[in-house]
2 protein chains.
Amino acid sequence: MAEGGAGTSERGMQIPLRAGVKDVAREAGVSVGTVSNVLNRPDQVSPEARERVKSAVRKLGYVRNPHAQALRTGVSPLVGVAVLDLLNPFFMEAADGMERRLAEDACIMALTSTHSDPEIESHVLRVLSGQGVRGILLTPTDGAMKEVRKTVARGTRVVLFDTTATPKDVSSVSVDDKRGARLAIEHLLGLGHTRIAFFNGPDRVRQARDRQAGVEQAVGLKAGESVKGGRARSALDVVHLDSFTAEDGRLAAEVMLENARQADGTIDRMQLPTAIFCANDQIALGVTQVLQDHRVRIPRDVSVVGFDDTEVASQLSTPLTTVRQPMEELGWAAADILLSDSDEVIHRRFAPELVVRESTAPPRAAQ
Amino acid sequence: MAEGGAGTSERGMQIPLRAGVKDVAREAGVSVGTVSNVLNRPDQVSPEARERVKSAVRKLGYVRNPHAQALRTGVSPLVGVAVLDLLNPFFMEAADGMERRLAEDACIMALTSTHSDPEIESHVLRVLSGQGVRGILLTPTDGAMKEVRKTVARGTRVVLFDTTATPKDVSSVSVDDKRGARLAIEHLLGLGHTRIAFFNGPDRVRQARDRQAGVEQAVGLKAGESVKGGRARSALDVVHLDSFTAEDGRLAAEVMLENARQADGTIDRMQLPTAIFCANDQIALGVTQVLQDHRVRIPRDVSVVGFDDTEVASQLSTPLTTVRQPMEELGWAAADILLSDSDEVIHRRFAPELVVRESTAPPRAAQ
DNA sequence: CTGAAAGCGCTTACAG
DNA sequence: CTGAAAGCGCTTACAG
């Protein structure tokens, strides 16, 4: 393809594959500057010229070249979103919220997964930043801040999503996980439960640590009837699972039932906790399945509480009492901060909310 | 900001916010052309110059401006992906496969949802195409082809995903839904089932229509013991749900149980089908929950088969027999066709596969 | 092998 | 209100 030609005079004869401002200008009999003005500040152009340009645009099917625009103005319409896992409904509901906010500013969401892997995370940050995106919404893994700061130093805006870290230099959006866990436990204590099992996620995940802190706080407070000192830890049994999945929920529940099995093979319900608080709805899903398989009734024999309020929670055969995270709102807020373009560092923390359904009730009378 | 200045001589004094080829060239003592050559065809540059440029790149933290590159070369690294629903695990597992393939070509996936709405679909196509993406992977709604053709005419490559339409002018990737449904029904017939219920999705969805065709074909063939003529439709009960969700699966199952309820309030198991084929795993999830609630045992009282083999299938308390779609592979293949850049129209159809687990067994003896 | 120059398609001060 | 011109940062034939 010949380059460096003097002009486009010959090209005027043929219909261009993709019309540009020049073609529109020629068609409308104005200069390219006027075409651009019609596109960007139509009120500064005379009505006649405006109309001629508009009909030329229609006639030629002109579409602005976004790369040229981005190059010239320095802004890209692309926003990168990197979450831990595309298959986790929590993130996808949040992504819906982000997309809604981004659409308002005609931005496009580029959604990718880090698979909770710090190496993939670094790579994704570099690639997205290299693409010159308008900004990045990131659910960070534990040691992400170093790479995040490099990314910011490279000139790419980053907003942290679903993290409780509140660094001085990077904005974030989060839910108060500790408080959410406290709500769940207080609900159970309020119903009269005293032997509670907490099926938590792995300790290396920040959300798990925060939720546990909330659980311990609630148990300490209520059981001891005093802010300081008092504690009745024996009432609480914390089990750490390997992941926040239904599968690991099943496993943990099976171990629990096995431990309560008597010589005659039946399960001694007195050996079971009266309530189980699961660190997310997926775990609760696995747990309820195992309990049902073994004819342990929910909530009559055991109450179950989840976390997140994803779709599955209300769809379980016994609709699940759970701690609702405002996922869509969370995503919306993160995108909103990113697009605000202000250099101010903002930390938005949302309050979780207890949703009481049918999986919780006072404990069985016998004790 | 002053424009139209004569050069960048003064700028040399300060560290540029973001280094460009010019800065690298100055630092390395070569021309910008050489810098570009090092970046794009390093073997055509002398080793010394190459090293000097490379270290200048490192020193200045140079990152290529993707928009300038896209503008100049005409190719964008962005690939748009528009699926029906971000919350459907089928699409998210496929998206994982797409992402893997796209990463090989250093492309970025821009994932969005059409929410199965033709208007949103048109909008998304227009916006993505307007962004000058490298191409679009689309799960089309029924009447999508008109807008798809417009998009293609605008110069944007499109590959259809999970559609059985095989237009002459647009490539596609699909699974043989009809065959999948046939596999499921043949499995049930092979076990000796004769009274089968088919819980299908809404008729307006192409997948539902194809799966029904497969079901009818299998029933007609086997039950009639003859390819032509023979048919035993009475053995098949087709129920159309409003959506492919667990919730609608529950609803349908409850209606079915209600119809089998006797005067004394108990359920007459003889009135139930001996097997239920659900048009996807989500529906099967809802159905199994309701059956369990009513103490209808799976597979002893009723066999259940799903479709997709999403994560939930193997995690149900009675692991679900289902028709596996190779979701990741499907996504990978779609991305592969898109990136091939050939103008040849390709239609890739994948074969589904029956995965037998514990939710199916021969029918209860009594009949 | 290297450098100077044109140009991708757009936007924006500036002069008229 | 309109037009001519510069330039965003890159790549690529072309001449040396």
# chains A, B, ... in the order shown; residues from 1 in each chain; ligands from 1
$ interface_residues --of "chain D" --to "chain B" --cutoff "7 Å" --atoms "only C-alpha atoms (C1' of nucleotides)" --output "list in words"
DA6, DG7, DG9, DC10 and DT11 of chain D
$ select_by_dssp --residues "region 35-245 of chain A" --states "helix (DSSP H, G or I)" --output "ChimeraX atom specification"
/A:35-40,42-44,47-60,66-73,89-104,118-130,145-153,177-191,206-224,233-235
$ interface_residues --of "chain B" --to "chain A" --cutoff "9 Å" --atoms "only C-alpha atoms" --output "count of residues only"
52
$ select_by_dssp --residues "region 161-292 of chain B" --states "strand (DSSP E or B)" --output "PyMOL selection string"
chain B and resi 161+171-175+196-200+236-240+261+267+275-278
$ residues_around --residues "DA4 (chain C)" --least-positions-apart "5" --cutoff "12 Å" --atoms "only C-alpha atoms (C1' of nucleotides)" --output "ChimeraX atom specification"
/B:31-34 /D:13-16
$ write_last_selection --atoms "C-alpha atoms (C1' of nucleotides)" --output "PDB file, in the first residue's frame"
ATOM      1  CA  SER B  31      15.748   7.972  15.478  1.00  0.00           C
ATOM      2  CA  VAL B  32      12.155   7.163  16.265  1.00  0.00           C
ATOM      3  CA  GLY B  33      12.061   4.825  13.281  1.00  0.00           C
ATOM      4  CA  THR B  34      14.737   2.701  14.876  1.00  0.00           C
TER       5      THR B  34
ATOM      6  C1'  DA D  13       7.987   2.460   2.829  1.00  0.00           C
ATOM      7  C1'  DC D  14      11.809   4.835   1.002  1.00  0.00           C
ATOM      8  C1'  DA D  15      16.295   6.841   0.280  1.00  0.00           C
ATOM      9  C1'  DG D  16      20.782   6.684   1.848  1.00  0.00           C
TER      10       DG D  16
END
$ atom_distance --atom1 "CA of Ala252 (chain B)" --atom2 "CA of Ala313 (chain A)"
19.2 Å
$ residues_around --residues "Val302 (chain A)" --least-positions-apart "6" --cutoff "8 Å" --atoms "only C-alpha atoms (C1' of nucleotides)" --output "MDAnalysis selection string"
chainID A and resid 272:276 296 360 363:364
$ write_last_selection --atoms "N, CA and C atoms" --output "PDB file, in the first residue's frame"
ATOM      1  N   LEU A 272     -25.078 -32.017  67.540  1.00  0.00           N
ATOM      2  CA  LEU A 272     -24.928 -31.010  66.475  1.00  0.00           C
ATOM      3  C   LEU A 272     -25.053 -29.607  67.057  1.00  0.00           C
ATOM      4  N   PRO A 273     -24.484 -28.641  66.409  1.00  0.00           N
ATOM      5  CA  PRO A 273     -24.751 -27.266  66.825  1.00  0.00           C
ATOM      6  C   PRO A 273     -26.224 -26.973  66.555  1.00  0.00           C
ATOM      7  N   THR A 274     -26.748 -25.962  67.202  1.00  0.00           N
ATOM      8  CA  THR A 274     -28.152 -25.627  66.934  1.00  0.00           C
ATOM      9  C   THR A 274     -28.258 -24.677  65.742  1.00  0.00           C
ATOM     10  N   ALA A 275     -27.134 -24.109  65.373  1.00  0.00           N
ATOM     11  CA  ALA A 275     -27.150 -23.200  64.220  1.00  0.00           C
ATOM     12  C   ALA A 275     -25.790 -23.197  63.539  1.00  0.00           C
ATOM     13  N   ILE A 276     -25.819 -23.007  62.206  1.00  0.00           N
ATOM     14  CA  ILE A 276     -24.577 -22.905  61.445  1.00  0.00           C
ATOM     15  C   ILE A 276     -24.588 -21.597  60.673  1.00  0.00           C
ATOM     16  N   VAL A 296     -31.826 -34.077  58.474  1.00  0.00           N
ATOM     17  CA  VAL A 296     -31.727 -33.071  59.531  1.00  0.00           C
ATOM     18  C   VAL A 296     -32.547 -31.889  59.035  1.00  0.00           C
ATOM     19  N   THR A 360     -33.970 -20.000  59.577  1.00  0.00           N
ATOM     20  CA  THR A 360     -33.596 -19.789  60.979  1.00  0.00           C
ATOM     21  C   THR A 360     -34.840 -19.746  61.858  1.00  0.00           C
ATOM     22  N   PRO A 363     -33.876 -22.468  68.643  1.00  0.00           N
ATOM     23  CA  PRO A 363     -33.300 -23.824  68.679  1.00  0.00           C
ATOM     24  C   PRO A 363     -34.316 -24.834  69.203  1.00  0.00           C
ATOM     25  N   ARG A 364     -34.111 -26.087  68.850  1.00  0.00           N
ATOM     26  CA  ARG A 364     -34.974 -27.145  69.366  1.00  0.00           C
ATOM     27  C   ARG A 364     -34.943 -27.088  70.889  1.00  0.00           C
TER      28      ARG A 364
END
$ atom_distance --atom1 "CA of Gln282 (chain B)" --atom2 "CA of Ala82 (chain B)"
21.2 Å
$ closest_residue --among "A:Asp203, A:Asp169, A:Glu27, A:Asp176" --to "Asp142 (chain A)" --atoms "only C-alpha atoms"
A:Asp203
$ atom_distance --atom1 "CA of Ile337 (chain B)" --atom2 "CA of Ser122 (chain B)"
22.2 Å
$ residues_around --residues "region 269-271 of chain A" --least-positions-apart "5" --cutoff "12 Å" --atoms "only C-alpha atoms (C1' of nucleotides)" --output "PDB file with N, CA and C atoms, in the first residue's frame"
ATOM      1  N   ARG A 195     -25.152 -22.831  70.799  1.00  0.00           N
ATOM      2  CA  ARG A 195     -24.105 -23.668  70.211  1.00  0.00           C
ATOM      3  C   ARG A 195     -24.085 -23.432  68.716  1.00  0.00           C
ATOM      4  N   ILE A 196     -23.176 -22.599  68.302  1.00  0.00           N
ATOM      5  CA  ILE A 196     -23.145 -22.139  66.915  1.00  0.00           C
ATOM      6  C   ILE A 196     -21.855 -22.582  66.231  1.00  0.00           C
ATOM      7  N   ALA A 197     -22.000 -23.112  65.020  1.00  0.00           N
ATOM      8  CA  ALA A 197     -20.810 -23.417  64.220  1.00  0.00           C
ATOM      9  C   ALA A 197     -20.648 -22.347  63.157  1.00  0.00           C
ATOM     10  N   MET A 256     -18.975 -32.933  60.049  1.00  0.00           N
ATOM     11  CA  MET A 256     -19.719 -32.591  61.261  1.00  0.00           C
ATOM     12  C   MET A 256     -20.716 -33.685  61.619  1.00  0.00           C
ATOM     13  N   LEU A 257     -21.424 -34.162  60.601  1.00  0.00           N
ATOM     14  CA  LEU A 257     -22.420 -35.208  60.870  1.00  0.00           C
ATOM     15  C   LEU A 257     -21.738 -36.503  61.300  1.00  0.00           C
ATOM     16  N   GLU A 258     -20.638 -36.794  60.686  1.00  0.00           N
ATOM     17  CA  GLU A 258     -19.902 -38.020  61.032  1.00  0.00           C
ATOM     18  C   GLU A 258     -19.507 -38.009  62.507  1.00  0.00           C
ATOM     19  N   ASN A 259     -19.088 -36.859  62.963  1.00  0.00           N
ATOM     20  CA  ASN A 259     -18.670 -36.725  64.362  1.00  0.00           C
ATOM     21  C   ASN A 259     -19.826 -36.919  65.332  1.00  0.00           C
ATOM     22  N   ALA A 260     -21.033 -36.716  64.831  1.00  0.00           N
ATOM     23  CA  ALA A 260     -22.201 -36.831  65.711  1.00  0.00           C
ATOM     24  C   ALA A 260     -22.850 -38.205  65.587  1.00  0.00           C
ATOM     25  N   ARG A 261     -22.213 -39.066  64.817  1.00  0.00           N
ATOM     26  CA  ARG A 261     -22.817 -40.379  64.586  1.00  0.00           C
ATOM     27  C   ARG A 261     -22.617 -41.273  65.810  1.00  0.00           C
ATOM     28  N   GLN A 262     -23.661 -42.013  66.146  1.00  0.00           N
ATOM     29  CA  GLN A 262     -23.606 -42.867  67.335  1.00  0.00           C
ATOM     30  C   GLN A 262     -23.256 -44.305  66.950  1.00  0.00           C
ATOM     31  N   LEU A 291     -27.442 -31.646  54.958  1.00  0.00           N
ATOM     32  CA  LEU A 291     -28.371 -31.796  56.080  1.00  0.00           C
ATOM     33  C   LEU A 291     -29.663 -32.462  55.612  1.00  0.00           C
ATOM     34  N   HIS A 294     -29.499 -36.102  55.107  1.00  0.00           N
ATOM     35  CA  HIS A 294     -29.470 -36.887  56.342  1.00  0.00           C
ATOM     36  C   HIS A 294     -30.690 -36.626  57.204  1.00  0.00           C
ATOM     37  N   ARG A 295     -31.700 -36.040  56.574  1.00  0.00           N
ATOM     38  CA  ARG A 295     -32.959 -35.809  57.273  1.00  0.00           C
ATOM     39  C   ARG A 295     -32.822 -34.911  58.495  1.00  0.00           C
ATOM     40  N   VAL A 296     -31.826 -34.077  58.474  1.00  0.00           N
ATOM     41  CA  VAL A 296     -31.727 -33.071  59.531  1.00  0.00           C
ATOM     42  C   VAL A 296     -32.547 -31.889  59.035  1.00  0.00           C
ATOM     43  N   ARG A 297     -33.578 -31.515  59.788  1.00  0.00           N
ATOM     44  CA  ARG A 297     -34.499 -30.505  59.285  1.00  0.00           C
ATOM     45  C   ARG A 297     -34.018 -29.083  59.560  1.00  0.00           C
ATOM     46  N   ARG A 300     -35.793 -26.622  61.963  1.00  0.00           N
ATOM     47  CA  ARG A 300     -36.230 -27.269  63.194  1.00  0.00           C
ATOM     48  C   ARG A 300     -35.071 -27.885  63.969  1.00  0.00           C
ATOM     49  N   ASP A 301     -34.224 -28.612  63.275  1.00  0.00           N
ATOM     50  CA  ASP A 301     -33.087 -29.229  63.958  1.00  0.00           C
ATOM     51  C   ASP A 301     -31.879 -28.289  64.015  1.00  0.00           C
ATOM     52  N   VAL A 302     -31.637 -27.650  62.895  1.00  0.00           N
ATOM     53  CA  VAL A 302     -30.485 -26.747  62.819  1.00  0.00           C
ATOM     54  C   VAL A 302     -30.870 -25.513  61.998  1.00  0.00           C
ATOM     55  N   PRO A 363     -33.876 -22.468  68.643  1.00  0.00           N
ATOM     56  CA  PRO A 363     -33.300 -23.824  68.679  1.00  0.00           C
ATOM     57  C   PRO A 363     -34.316 -24.834  69.203  1.00  0.00           C
ATOM     58  N   ARG A 364     -34.111 -26.087  68.850  1.00  0.00           N
ATOM     59  CA  ARG A 364     -34.974 -27.145  69.366  1.00  0.00           C
ATOM     60  C   ARG A 364     -34.943 -27.088  70.889  1.00  0.00           C
ATOM     61  N   ALA A 365     -36.076 -27.350  71.484  1.00  0.00           N
ATOM     62  CA  ALA A 365     -36.234 -27.177  72.930  1.00  0.00           C
ATOM     63  C   ALA A 365     -35.193 -27.965  73.724  1.00  0.00           C
ATOM     64  N   ALA A 366     -35.089 -29.247  73.451  1.00  0.00           N
ATOM     65  CA  ALA A 366     -34.153 -30.089  74.191  1.00  0.00           C
ATOM     66  C   ALA A 366     -32.743 -29.517  74.104  1.00  0.00           C
ATOM     67  N   GLN A 367     -32.027 -29.627  75.136  1.00  0.00           N
ATOM     68  CA  GLN A 367     -30.662 -29.084  75.104  1.00  0.00           C
ATOM     69  C   GLN A 367     -29.840 -29.846  76.100  1.00  0.00           C
TER      70      GLN A 367
END
